[in-house]
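Note: the block below is entry_28.txt and it holds compact mmCIF, C-alpha atoms and all ligand atoms.
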# COMPACT_ATOMS: atom_id res chain seq x y z
CA MET H 1463 120.31 -6.77 143.03
CA THR H 1464 120.74 -4.81 146.26
CA LYS H 1465 121.64 -1.19 145.54
CA SER H 1466 120.72 0.56 148.75
CA CYS H 1467 121.73 0.32 152.33
CA TYR H 1468 120.23 1.48 155.62
CA ILE H 1469 122.39 1.73 158.75
CA GLN H 1470 120.82 2.19 162.18
CA ILE H 1471 122.58 4.25 164.87
CA PRO H 1472 120.26 3.69 167.83
CA PHE H 1473 121.52 6.33 170.27
CA CYS H 1474 119.92 9.59 171.36
CA ASN H 1475 120.80 12.30 173.88
CA LYS H 1476 117.16 12.63 174.86
CA ILE H 1477 114.12 10.39 174.39
CA CYS H 1478 111.02 11.92 172.77
CA SER H 1479 107.63 11.12 174.24
CA TYR H 1480 106.18 9.64 171.01
CA CYS H 1481 109.17 7.63 169.91
CA ASP H 1482 108.79 3.97 169.01
CA PHE H 1483 112.04 3.73 167.04
CA CYS H 1484 114.83 1.45 168.11
CA LYS H 1485 116.91 3.73 170.33
CA MET H 1486 118.63 4.07 173.70
CA PHE H 1487 120.43 6.76 175.65
CA TYR H 1488 123.86 7.90 174.53
CA ASN H 1489 126.54 5.80 176.19
CA GLU H 1490 130.11 6.30 175.02
CA GLU H 1491 131.40 2.86 175.87
CA LEU H 1492 128.39 1.09 174.38
CA ILE H 1493 128.63 3.10 171.16
CA ASP H 1494 132.24 2.03 170.68
CA LYS H 1495 131.26 -1.62 171.08
CA TYR H 1496 128.25 -1.10 168.79
CA LEU H 1497 130.38 0.38 166.01
CA ASP H 1498 132.80 -2.57 166.23
CA GLU H 1499 129.87 -4.95 165.89
CA LEU H 1500 128.36 -2.95 163.04
CA LYS H 1501 131.65 -3.25 161.16
CA GLU H 1502 131.60 -6.99 161.65
CA GLU H 1503 127.98 -7.32 160.55
CA ILE H 1504 128.54 -5.30 157.39
CA THR H 1505 131.77 -7.10 156.53
CA LEU H 1506 129.92 -10.43 156.78
CA SER H 1507 126.97 -9.43 154.58
CA TYR H 1508 127.99 -6.77 152.08
CA ASN H 1509 128.68 -8.37 148.71
CA ASN H 1510 130.54 -5.46 147.12
CA GLU H 1511 127.59 -4.25 145.06
CA VAL H 1512 127.87 -0.71 143.73
CA LEU H 1513 125.26 1.16 145.78
CA ASP H 1514 122.98 3.99 144.68
CA THR H 1515 122.03 5.09 148.19
CA ILE H 1516 123.18 4.87 151.79
CA TYR H 1517 121.03 6.14 154.63
CA ILE H 1518 122.34 6.48 158.17
CA GLY H 1519 119.29 6.77 160.40
CA GLY H 1520 118.45 6.44 164.04
CA GLY H 1521 118.23 7.17 166.79
CA THR H 1522 120.25 10.30 166.31
CA PRO H 1523 123.45 9.67 164.34
CA SER H 1524 124.55 13.27 164.94
CA CYS H 1525 124.81 12.59 168.69
CA LEU H 1526 127.98 10.58 168.06
CA ASN H 1527 131.18 12.46 168.86
CA ILE H 1528 133.85 13.18 166.25
CA LYS H 1529 135.90 10.10 167.11
CA GLN H 1530 132.83 7.86 166.86
CA LEU H 1531 131.73 9.46 163.61
CA ASN H 1532 135.20 8.84 162.17
CA LYS H 1533 134.84 5.22 163.19
CA LEU H 1534 131.43 5.08 161.50
CA PHE H 1535 132.78 6.60 158.28
CA ASP H 1536 135.69 4.14 158.27
CA ILE H 1537 132.95 1.54 157.88
CA THR H 1538 130.85 3.36 155.26
CA ASN H 1539 133.92 4.31 153.20
CA LYS H 1540 134.24 0.63 152.30
CA PHE H 1541 131.00 0.76 150.28
CA LYS H 1542 131.28 1.11 146.51
CA LEU H 1543 129.06 3.87 145.18
CA THR H 1544 127.69 4.94 141.80
CA ASP H 1545 128.73 8.39 140.47
CA ASN H 1546 125.23 9.62 141.13
CA TYR H 1547 124.90 8.27 144.66
CA GLU H 1548 122.80 9.71 147.49
CA PHE H 1549 124.28 9.43 151.00
CA THR H 1550 122.00 10.70 153.76
CA ILE H 1551 122.53 11.12 157.49
CA GLU H 1552 119.80 11.91 160.02
CA CYS H 1553 120.58 14.70 162.48
CA ASN H 1554 119.07 16.69 165.28
CA PHE H 1555 119.84 20.39 165.26
CA ASP H 1556 120.84 20.25 168.96
CA SER H 1557 123.69 17.82 168.40
CA THR H 1558 124.90 19.08 165.01
CA THR H 1559 128.01 21.28 164.90
CA HIS H 1560 130.02 22.91 162.12
CA GLU H 1561 132.83 20.46 162.81
CA LYS H 1562 130.50 17.49 162.36
CA LEU H 1563 129.08 18.95 159.15
CA ASP H 1564 132.64 19.35 157.78
CA LEU H 1565 133.27 15.73 158.63
CA PHE H 1566 130.04 14.64 156.89
CA LYS H 1567 131.04 16.51 153.76
CA LYS H 1568 134.56 15.07 153.82
CA ASN H 1569 133.14 11.56 154.02
CA GLY H 1570 130.77 11.79 151.09
CA ILE H 1571 127.49 12.70 152.77
CA ASN H 1572 125.43 14.69 150.26
CA ARG H 1573 122.01 14.80 151.92
CA ILE H 1574 121.03 15.66 155.50
CA SER H 1575 117.71 14.93 157.11
CA PHE H 1576 116.96 17.03 160.18
CA GLY H 1577 114.35 16.25 162.82
CA LEU H 1578 112.68 19.56 163.58
CA GLU H 1579 109.01 18.56 164.00
CA SER H 1580 107.70 21.90 165.29
CA ILE H 1581 108.75 25.29 166.60
CA ASN H 1582 105.66 25.71 168.77
CA LYS H 1583 106.47 25.68 172.49
CA ASN H 1584 103.43 23.64 173.51
CA ASN H 1585 103.98 21.08 170.74
CA LEU H 1586 107.63 20.73 171.71
CA LYS H 1587 106.70 20.30 175.37
CA ILE H 1588 104.29 17.48 174.50
CA LEU H 1589 106.86 15.84 172.22
CA ASP H 1590 109.66 16.26 174.80
CA ARG H 1591 111.80 18.04 172.26
CA THR H 1592 113.67 21.33 172.08
CA ILE H 1593 114.49 23.65 169.21
CA ASP H 1594 116.66 26.74 169.10
CA LYS H 1595 115.54 28.66 166.01
CA ASP H 1596 118.82 30.60 165.75
CA LYS H 1597 120.75 27.36 165.81
CA VAL H 1598 118.50 25.92 163.09
CA ILE H 1599 119.23 28.88 160.84
CA ASP H 1600 122.94 28.80 161.59
CA ILE H 1601 123.22 25.07 160.83
CA ILE H 1602 121.26 25.31 157.58
CA ASN H 1603 123.38 28.28 156.47
CA TYR H 1604 126.55 26.39 157.27
CA CYS H 1605 125.33 23.35 155.30
CA HIS H 1606 124.97 25.58 152.23
CA LYS H 1607 128.30 27.27 152.87
CA ILE H 1608 130.15 23.97 152.60
CA GLY H 1609 128.06 22.67 149.68
CA LEU H 1610 125.57 20.45 151.49
CA HIS H 1611 122.55 21.78 149.63
CA ASN H 1612 120.22 18.77 149.73
CA ILE H 1613 118.42 19.13 153.07
CA ASN H 1614 115.25 17.53 154.43
CA VAL H 1615 113.34 18.76 157.47
CA ASP H 1616 110.72 16.66 159.29
CA LEU H 1617 107.44 18.28 160.32
CA MET H 1618 105.08 16.67 162.83
CA TYR H 1619 101.44 17.64 163.18
CA ALA H 1620 98.17 16.52 164.78
CA ILE H 1621 99.49 17.19 168.27
CA LYS H 1622 96.85 17.79 170.97
CA GLU H 1623 95.87 21.46 171.37
CA GLU H 1624 97.55 22.25 168.04
CA THR H 1625 95.44 24.49 165.83
CA LEU H 1626 95.59 25.15 162.09
CA GLU H 1627 97.21 28.52 162.90
CA ILE H 1628 99.98 26.86 164.90
CA LEU H 1629 100.59 24.37 162.10
CA LYS H 1630 100.68 27.16 159.55
CA LYS H 1631 103.38 28.95 161.55
CA ASP H 1632 105.45 25.75 161.61
CA ILE H 1633 105.09 25.36 157.84
CA THR H 1634 105.93 29.02 157.26
CA PHE H 1635 109.08 28.70 159.34
CA ILE H 1636 110.17 25.53 157.54
CA LYS H 1637 109.47 27.10 154.14
CA SER H 1638 111.59 30.11 155.13
CA LEU H 1639 114.58 27.80 155.48
CA ASN H 1640 116.55 27.18 152.35
CA ILE H 1641 115.81 23.46 152.12
CA THR H 1642 114.95 20.98 149.38
CA HIS H 1643 112.63 18.46 151.00
CA ILE H 1644 109.95 18.25 153.70
CA SER H 1645 108.71 15.00 155.27
CA THR H 1646 105.48 15.28 157.23
CA TYR H 1647 104.15 13.01 159.97
CA SER H 1648 100.77 12.91 161.63
CA LEU H 1649 101.46 11.98 165.26
CA ILE H 1650 100.88 8.27 165.83
CA LEU H 1651 100.45 6.90 169.33
CA GLU H 1652 102.49 3.72 169.44
CA LYS H 1653 102.30 1.36 172.42
CA ASN H 1654 105.25 1.59 174.84
CA THR H 1655 105.70 5.30 174.24
CA LYS H 1656 105.39 7.83 177.03
CA LEU H 1657 102.43 9.52 175.34
CA TYR H 1658 100.54 6.25 174.95
CA ILE H 1659 101.20 5.15 178.52
CA GLU H 1660 100.04 8.52 179.85
CA GLY H 1661 96.75 8.09 177.99
CA TYR H 1662 97.33 10.86 175.47
CA GLU H 1663 94.58 11.03 172.87
CA TYR H 1664 94.43 11.56 169.13
CA ILE H 1665 93.09 14.85 167.84
CA ASP H 1666 89.73 14.94 166.12
CA GLU H 1667 89.84 13.12 162.76
CA ASP H 1668 88.31 16.05 160.86
CA LEU H 1669 91.02 18.34 162.23
CA ASP H 1670 93.69 15.84 161.24
CA ARG H 1671 92.27 15.88 157.71
CA ASP H 1672 92.15 19.69 157.68
CA MET H 1673 95.78 19.75 158.78
CA TYR H 1674 96.82 17.42 155.99
CA ASP H 1675 94.92 19.59 153.50
CA LEU H 1676 96.60 22.69 154.89
CA ILE H 1677 100.04 21.13 154.44
CA CYS H 1678 99.21 20.19 150.83
CA LYS H 1679 97.94 23.70 150.16
CA GLU H 1680 100.89 25.47 151.76
CA LEU H 1681 103.37 23.22 149.97
CA LYS H 1682 101.63 23.35 146.60
CA ASP H 1683 104.78 24.67 144.92
CA PHE H 1684 106.65 21.54 145.98
CA ASP H 1685 106.62 18.22 144.15
CA HIS H 1686 104.18 16.20 146.26
CA TYR H 1687 105.65 12.90 145.11
CA GLU H 1688 104.59 10.66 147.98
CA ILE H 1689 101.60 10.86 150.34
CA SER H 1690 103.61 12.57 153.10
CA ASN H 1691 106.69 13.79 151.25
CA PHE H 1692 107.39 16.98 149.35
CA ALA H 1693 110.49 17.80 147.29
CA LYS H 1694 111.48 21.23 146.00
CA ASN H 1695 111.48 19.61 142.57
CA LYS H 1696 111.89 16.14 141.07
CA LYS H 1697 115.67 16.28 141.41
CA TYR H 1698 115.36 16.43 145.20
CA ARG H 1699 113.08 13.44 145.74
CA SER H 1700 114.62 11.08 148.30
CA LYS H 1701 116.28 8.40 146.19
CA HIS H 1702 116.73 6.19 149.21
CA ASN H 1703 113.11 6.30 150.30
CA LEU H 1704 112.03 5.72 146.70
CA THR H 1705 113.91 2.41 146.96
CA TYR H 1706 111.35 1.39 149.59
CA TRP H 1707 108.33 2.71 147.73
CA LYS H 1708 109.43 1.11 144.47
CA ASN H 1709 109.74 -2.19 146.34
CA LEU H 1710 113.45 -2.54 145.49
CA GLU H 1711 115.98 -4.46 147.53
CA TYR H 1712 118.07 -2.90 150.29
CA TYR H 1713 120.40 -3.95 153.04
CA GLY H 1714 119.45 -3.23 156.63
CA PHE H 1715 122.37 -3.06 159.05
CA GLY H 1716 122.35 -2.38 162.76
CA LEU H 1717 120.06 -2.82 165.73
CA GLY H 1718 116.35 -2.87 164.85
CA SER H 1719 116.93 -2.26 161.15
CA SER H 1720 115.04 -4.09 158.41
CA GLY H 1721 116.08 -5.15 154.94
CA TYR H 1722 114.90 -6.83 151.76
CA GLU H 1723 117.19 -9.07 149.76
CA GLY H 1724 116.16 -11.63 147.13
CA ASN H 1725 113.11 -13.48 148.39
CA VAL H 1726 113.50 -12.43 151.99
CA ARG H 1727 112.42 -9.49 154.12
CA TYR H 1728 114.13 -9.44 157.48
CA GLU H 1729 114.19 -7.53 160.74
CA LYS H 1730 117.26 -7.25 162.92
CA THR H 1731 117.04 -7.73 166.68
CA ARG H 1732 116.24 -4.84 169.01
CA SER H 1733 118.20 -6.47 171.84
CA ILE H 1734 121.61 -4.82 172.19
CA ASN H 1735 122.96 -7.85 174.10
CA LYS H 1736 121.88 -10.24 171.34
CA TYR H 1737 123.29 -7.92 168.71
CA LEU H 1738 126.66 -7.56 170.41
CA ASN H 1739 126.72 -11.35 170.61
CA HIS H 1740 126.63 -11.52 166.77
CA ASP H 1741 123.01 -12.74 166.87
CA TYR H 1742 121.62 -10.16 164.46
CA ILE H 1743 118.23 -11.41 163.32
CA LYS H 1744 115.13 -10.84 165.45
CA ASP H 1745 113.23 -13.94 166.63
CA ASN H 1746 110.69 -14.66 163.87
CA GLY H 1747 112.27 -11.79 161.97
CA ILE H 1748 112.50 -13.52 158.60
CA GLU H 1749 109.71 -13.42 156.05
CA PHE H 1750 110.15 -15.63 152.98
CA LEU H 1751 108.36 -14.10 150.03
CA ASN H 1752 106.48 -15.90 147.29
CA ILE H 1753 105.15 -14.12 144.20
CA LYS H 1754 101.86 -13.22 145.96
CA ASP H 1755 103.76 -11.59 148.81
CA LYS H 1756 105.97 -9.65 146.43
CA ILE H 1757 102.99 -8.35 144.48
CA TYR H 1758 101.29 -7.38 147.75
CA TYR H 1759 104.28 -5.24 148.74
CA GLU H 1760 104.56 -3.85 145.22
CA ILE H 1761 100.97 -2.58 145.40
CA ILE H 1762 100.96 -1.12 148.89
CA LEU H 1763 104.34 0.59 148.45
CA ASN H 1764 104.02 1.82 144.87
CA LEU H 1765 100.59 3.33 145.49
CA ARG H 1766 102.05 5.69 148.09
CA THR H 1767 103.76 7.56 145.26
CA LYS H 1768 102.54 10.07 142.74
CA GLU H 1769 103.57 7.76 139.86
CA GLY H 1770 101.90 4.74 141.45
CA ILE H 1771 102.36 1.35 139.80
CA ASN H 1772 104.27 1.30 136.53
CA LEU H 1773 102.13 -1.29 134.71
CA ILE H 1774 104.77 -2.16 132.12
CA GLU H 1775 107.46 -2.77 134.71
CA PHE H 1776 104.92 -4.71 136.77
CA LYS H 1777 104.26 -7.07 133.87
CA GLU H 1778 107.97 -7.55 133.25
CA LYS H 1779 108.58 -8.31 136.91
CA TYR H 1780 105.61 -10.59 137.54
CA HIS H 1781 105.07 -12.10 134.06
CA ASN H 1782 101.41 -11.06 133.86
CA PRO H 1783 99.56 -7.74 133.94
CA LEU H 1784 98.22 -6.48 137.27
CA GLU H 1785 94.64 -7.30 136.21
CA TYR H 1786 95.64 -10.99 136.01
CA TYR H 1787 96.17 -10.86 139.78
CA TYR H 1788 93.79 -8.15 140.92
CA ASP H 1789 90.50 -6.86 139.61
CA TYR H 1790 90.57 -3.08 139.95
CA LYS H 1791 87.89 -2.10 137.40
CA LYS H 1792 85.54 -0.80 140.08
CA LEU H 1793 88.22 1.48 141.50
CA LEU H 1794 88.86 2.90 138.04
CA ASN H 1795 85.14 3.42 137.48
CA ASN H 1796 84.64 5.29 140.73
CA LYS H 1797 87.88 7.24 140.09
CA HIS H 1798 89.59 6.05 143.25
CA LEU H 1799 92.36 4.94 140.92
CA MET H 1800 93.49 6.64 137.72
CA LYS H 1801 95.44 5.29 134.78
CA ASN H 1802 97.75 7.44 132.69
CA ASN H 1803 100.73 6.55 130.49
CA ASN H 1804 100.78 2.99 131.82
CA HIS H 1805 100.82 4.14 135.42
CA LEU H 1806 98.07 3.28 137.90
CA PHE H 1807 97.89 5.76 140.76
CA ILE H 1808 95.72 7.31 143.46
CA PRO H 1809 94.65 10.85 142.54
CA LYS H 1810 96.16 13.51 144.79
CA ASP H 1811 92.85 14.68 146.24
CA LEU H 1812 92.29 11.14 147.58
CA TYR H 1813 95.69 10.67 149.23
CA TYR H 1814 94.10 11.12 152.62
CA ILE H 1815 92.01 7.97 152.12
CA SER H 1816 94.78 6.06 150.33
CA ASN H 1817 94.82 3.28 152.93
CA SER H 1818 91.19 2.39 152.33
CA ILE H 1819 91.71 2.53 148.54
CA ILE H 1820 94.66 0.15 148.79
CA ILE H 1821 92.63 -2.21 150.99
CA GLU H 1822 89.81 -2.15 148.43
CA LEU H 1823 92.27 -3.00 145.66
CA LEU H 1824 93.72 -5.88 147.68
CA GLU H 1825 90.19 -7.23 148.22
CA GLY H 1826 89.96 -7.62 144.44
CA GLU H 1827 92.57 -10.39 144.51
CA LYS H 1828 91.79 -13.18 142.04
CA ASN H 1829 92.16 -16.68 143.36
CA GLU H 1830 93.32 -18.60 140.31
CA TYR H 1831 97.01 -17.74 140.39
S1 LIG H 1901 112.26 10.59 167.80
FE1 LIG H 1901 114.37 10.50 167.08
S2 LIG H 1901 115.48 11.82 168.50
FE2 LIG H 1901 113.54 11.37 169.48
S3 LIG H 1901 113.98 9.58 170.77
FE3 LIG H 1901 113.21 8.83 168.82
S4 LIG H 1901 115.00 8.41 167.58
FE4 LIG H 1901 115.65 9.73 169.31

Translate this file's structure into structure tokens.
Ligand code: SF4
Amino acid sequence: MTKSCYIQIPFCNKICSYCDFCKMFYNEELIDKYLDELKEEITLSYNNEVLDTIYIGGGTPSCLNIKQLNKLFDITNKFKLTDNYEFTIECNFDSTTHEKLDLFKKNGINRISFGLESINKNNLKILDRTIDKDKVIDIINYCHKIGLHNINVDLMYAIKEETLEILKKDITFIKSLNITHISTYSLILEKNTKLYIEGYEYIDEDLDRDMYDLICKELKDFDHYEISNFAKNKKYRSKHNLTYWKNLEYYGFGLGSSGYEGNVRYEKTRSINKYLNHDYIKDNGIEFLNIKDKIYYEIILNLRTKEGINLIEFKEKYHNPLEYYYDYKKLLNNKHLMKNNNHLFIPKDLYYISNSIIIELLEGEKNEY
């Protein structure tokens, strides 16, 4: 049953050089039309389930003005929620104000995820972003003042000319903020981004590895519960993102969003004209899943987390133990995978090579099922 929901708000005041997300420039008239369409899309698809999590992402949802945010919350207030729900909104510090934070609180938001990325001038110049440190501190303080204590900050690293010292300063600044969660991203050069088109290059792979190690070391007091995610403690793990990593179902609403319901994974169109014409699904955007596909997703998503694959739940879900489908003895023998309390997981010191471990596991697929 679907218990989570992602809503895409694809508007930004400024476009970052590395960004491959579904987004466009802020346009008041277009946003009004978009919110009307979003309401229609949700009304058509939402089946009144009681949701555990809602995540409003972007784009930059905080770039909406108060009137538009009210319109957005008129839509989200229709969702039924569990007592223990998590309701996150993504924000940029630049476009967040006290008034908007009050409005978030009033409308049930209880987690905020801020894009910060870096405080280093050169990094920010490359990323085409700005940060006002005083504003960051003011906004975080105000969040706490009104009871919004669950706060994530994004950190980006592996930016050309960045050194370990620069990264350490970024981490130190982020740690000095009174926040509960840090998501880290190694810069990826996606096609169609300004950086890619300008021929920007990746940093040296050894340095990238050293940076990841530095982050793990500096955040060792945090709960490193997913390859790139750190929570102050278990209570502050992102419930919504765990929906993805546990391979659970979720709605995806809005331009360029994706969802997973029943036996289908889907992607919504990135064309605003198509979307506003009630044509929500991307061309070839539907993937019908058989049991093999579901197990594939279960493995690659679960193994991103500290707890890995829960082997008992796996058997209940797929009627046979994991070893019926995949031979992973070799990976246990060479300690690339560990087993403990019916969980199969990648040891923390091998997170950096997790992709190759997962590929190796998938190569052990048995053919008889
Ligand atoms: S990274 Fe975020 S803020 Fe920057 S352009 Fe992309 S969606 Fe907008």

Counting all atoms listed in the file, give me one row per residue of chain H with an atom at most 12 Å from an atom of ligand LIG 1901 (chain H), showing the shortest contact pair and its distance in Å to one decimal, sorted by chain then residue number, as CSV.
residue,atom,partner,partner_atom,distance
H:Gln1470,CA,H:LIG1901,S4,10.1
H:Ile1471,CA,H:LIG1901,S4,9.1
H:Pro1472,CA,H:LIG1901,S4,7.1
H:Phe1473,CA,H:LIG1901,FE4,6.9
H:Cys1474,CA,H:LIG1901,FE4,4.7
H:Asn1475,CA,H:LIG1901,FE4,7.3
H:Lys1476,CA,H:LIG1901,S3,6.0
H:Ile1477,CA,H:LIG1901,S3,3.7
H:Cys1478,CA,H:LIG1901,FE2,4.2
H:Ser1479,CA,H:LIG1901,S3,7.4
H:Tyr1480,CA,H:LIG1901,S1,6.9
H:Cys1481,CA,H:LIG1901,FE3,4.4
H:Asp1482,CA,H:LIG1901,FE3,6.6
H:Phe1483,CA,H:LIG1901,FE3,5.5
H:Cys1484,CA,H:LIG1901,S4,7.0
H:Lys1485,CA,H:LIG1901,S4,5.8
H:Met1486,CA,H:LIG1901,FE4,7.8
H:Phe1487,CA,H:LIG1901,FE4,8.5
H:Tyr1488,CA,H:LIG1901,FE4,9.9
H:Gly1519,CA,H:LIG1901,S4,8.5
H:Gly1520,CA,H:LIG1901,S4,5.3
H:Gly1521,CA,H:LIG1901,S4,3.5
H:Thr1522,CA,H:LIG1901,S2,5.5
H:Pro1523,CA,H:LIG1901,S4,9.1
H:Ser1524,CA,H:LIG1901,S2,9.9
H:Cys1525,CA,H:LIG1901,S2,9.4
H:Glu1552,CA,H:LIG1901,FE1,9.0
H:Cys1553,CA,H:LIG1901,S2,8.4
H:Asn1554,CA,H:LIG1901,S2,6.9
H:Phe1555,CA,H:LIG1901,S2,10.1
H:Asp1556,CA,H:LIG1901,S2,10.0
H:Ser1557,CA,H:LIG1901,S2,10.2
H:Ser1575,CA,H:LIG1901,FE1,11.4
H:Phe1576,CA,H:LIG1901,FE1,9.8
H:Gly1577,CA,H:LIG1901,FE1,7.2
H:Leu1578,CA,H:LIG1901,S2,9.6
H:Glu1579,CA,H:LIG1901,S1,9.4
H:Leu1586,CA,H:LIG1901,FE2,11.3
H:Leu1589,CA,H:LIG1901,FE2,8.5
H:Asp1590,CA,H:LIG1901,FE2,8.2
H:Arg1591,CA,H:LIG1901,FE2,7.4
H:Thr1592,CA,H:LIG1901,FE2,10.3
H:Ile1593,CA,H:LIG1901,S2,11.9
H:Asp1616,CA,H:LIG1901,S1,10.6
H:Leu1617,CA,H:LIG1901,S1,11.8
H:Met1618,CA,H:LIG1901,S1,10.6
H:Tyr1647,CA,H:LIG1901,S1,11.5
H:Leu1649,CA,H:LIG1901,S1,11.2
H:Ile1650,CA,H:LIG1901,S1,11.8
H:Glu1652,CA,H:LIG1901,FE3,11.9
H:Thr1655,CA,H:LIG1901,FE3,9.9
H:Lys1656,CA,H:LIG1901,S3,10.8
H:Gly1718,CA,H:LIG1901,S4,11.7

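Among the candidates H:His1643, H:Asp1668, H:Lys1653, H:Glu1711, the residue lying nearest to Phe1684 in chain H is H:His1643 (atoms considered: all atoms listed in the file).
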
Just the residues within 12 Å of Thr1625 in chain H, please, counting all atoms listed in the file, with nothing from its chain fewer than 2 positions along; format it as a list in words.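 Contacts, with the query itself left out: Asn1582, Asn1584, Asn1585, Tyr1619, Ala1620, Ile1621, Lys1622, Glu1623, Glu1627, Ile1628, Leu1629, Lys1630, Lys1631, Asp1632, Ile1665, Asp1666, Leu1669, Asp1670, Asp1672, Met1673 and Leu1676 of chain H.
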
Within 7 Å of (128.8, 1.8, 163.9) (file coordinates; all atoms listed in the file), which protein or nucleic acid residues are there? I'd like them as a tab-separated table (two decimals) with C-alpha atoms, in the frame of the given file.
chain	number	residue	atom	x	y	z
H	1471	ILE	CA	122.58	4.25	164.87
H	1496	TYR	CA	128.25	-1.10	168.79
H	1497	LEU	CA	130.38	0.38	166.01
H	1498	ASP	CA	132.80	-2.57	166.23
H	1500	LEU	CA	128.36	-2.95	163.04
H	1501	LYS	CA	131.65	-3.25	161.16
H	1533	LYS	CA	134.84	5.22	163.19
H	1534	LEU	CA	131.43	5.08	161.50

When you look at Lys1828 in chain H with a cut-off of 8 Å (counting all atoms listed in the file), what residues show up, excluding the ones that are within fewer than 3 positions of it in the same chain? I need them as a compact mmCIF listing (two decimals) with C-alpha atoms, in the coordinates of the input.
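What ended up in selection35.txt:
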# COMPACT_ATOMS: atom_id res chain seq x y z
CA TYR H 1786 95.64 -10.99 136.01
CA TYR H 1787 96.17 -10.86 139.78
CA TYR H 1788 93.79 -8.15 140.92
CA ASP H 1789 90.50 -6.86 139.61
CA TYR H 1831 97.01 -17.74 140.39

CA of Lys1754 in chain H to CA of Ser1507 in chain H, straight-line distance in Å: 26.8 Å

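For the pair CA of Tyr1737 in chain H and CA of Asp1494 in chain H, the separation is 13.5 Å.
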
Range 1814-1819 of chain H environment, 9 Å, all atoms listed in the file, sequence neighbours closer than 6 positions dropped, as a ChimeraX atom specification: /H:1671,1674-1675,1689,1762,1765-1766,1793,1798-1799,1808

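Of the listed residues (H:Ile1516, H:Ile1601, H:Ala1693, H:Leu1526), H:Ile1601 comes nearest to Thr1559 in chain H; the distances count all atoms listed in the file.
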
Show me, as an MDAnalysis selection string, the residues that have an atom within 10 Å of Asn1803 in chain H when counting all atoms listed in the file, minus same-chain residues fewer than 3 positions from it. chainID H and resid 1769 1772:1774 1806

Name the closest residue to Glu1660 in chain H among the candidates H:Thr1558, H:Ile1574, H:Ile1588, H:Thr1705; distances are taken between atoms, counting all atoms listed in the file. H:Ile1588

For Lys1679 in chain H, which of H:Asn1572, H:Asn1612, H:Ser1733, H:Thr1634 is the closest residue, counting only C-alpha atoms?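 Nearest to Lys1679 in chain H: H:Thr1634.
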
With only C-alpha atoms as the basis for distance, which of H:Tyr1728, H:Lys1637, H:Gln1530, H:Cys1467 is at the shortest distance from Asn1746 in chain H?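 Counting only C-alpha atoms, the residue closest to Asn1746 in chain H is H:Tyr1728.
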
Glu1561 in chain H environment, 12 Å, all atoms listed in the file, sequence neighbours closer than 5 positions dropped, as a PyMOL selection string: chain H and resi 1524+1527-1529+1531-1532+1566-1568+1601+1604-1605+1608

Atomic distance CA of Cys1678 in chain H - CA of Phe1549 in chain H, expressed in Å with one decimal: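 Between CA of Cys1678 in chain H and CA of Phe1549 in chain H the gap works out to 27.3 Å.
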
Which residue is closest to Leu1738 in chain H? Choose from H:Met1800, H:Gly1716, H:Glu1680, H:Lys1756 and count only C-alpha atoms.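 Under the stated criterion, the closest residue is H:Gly1716.
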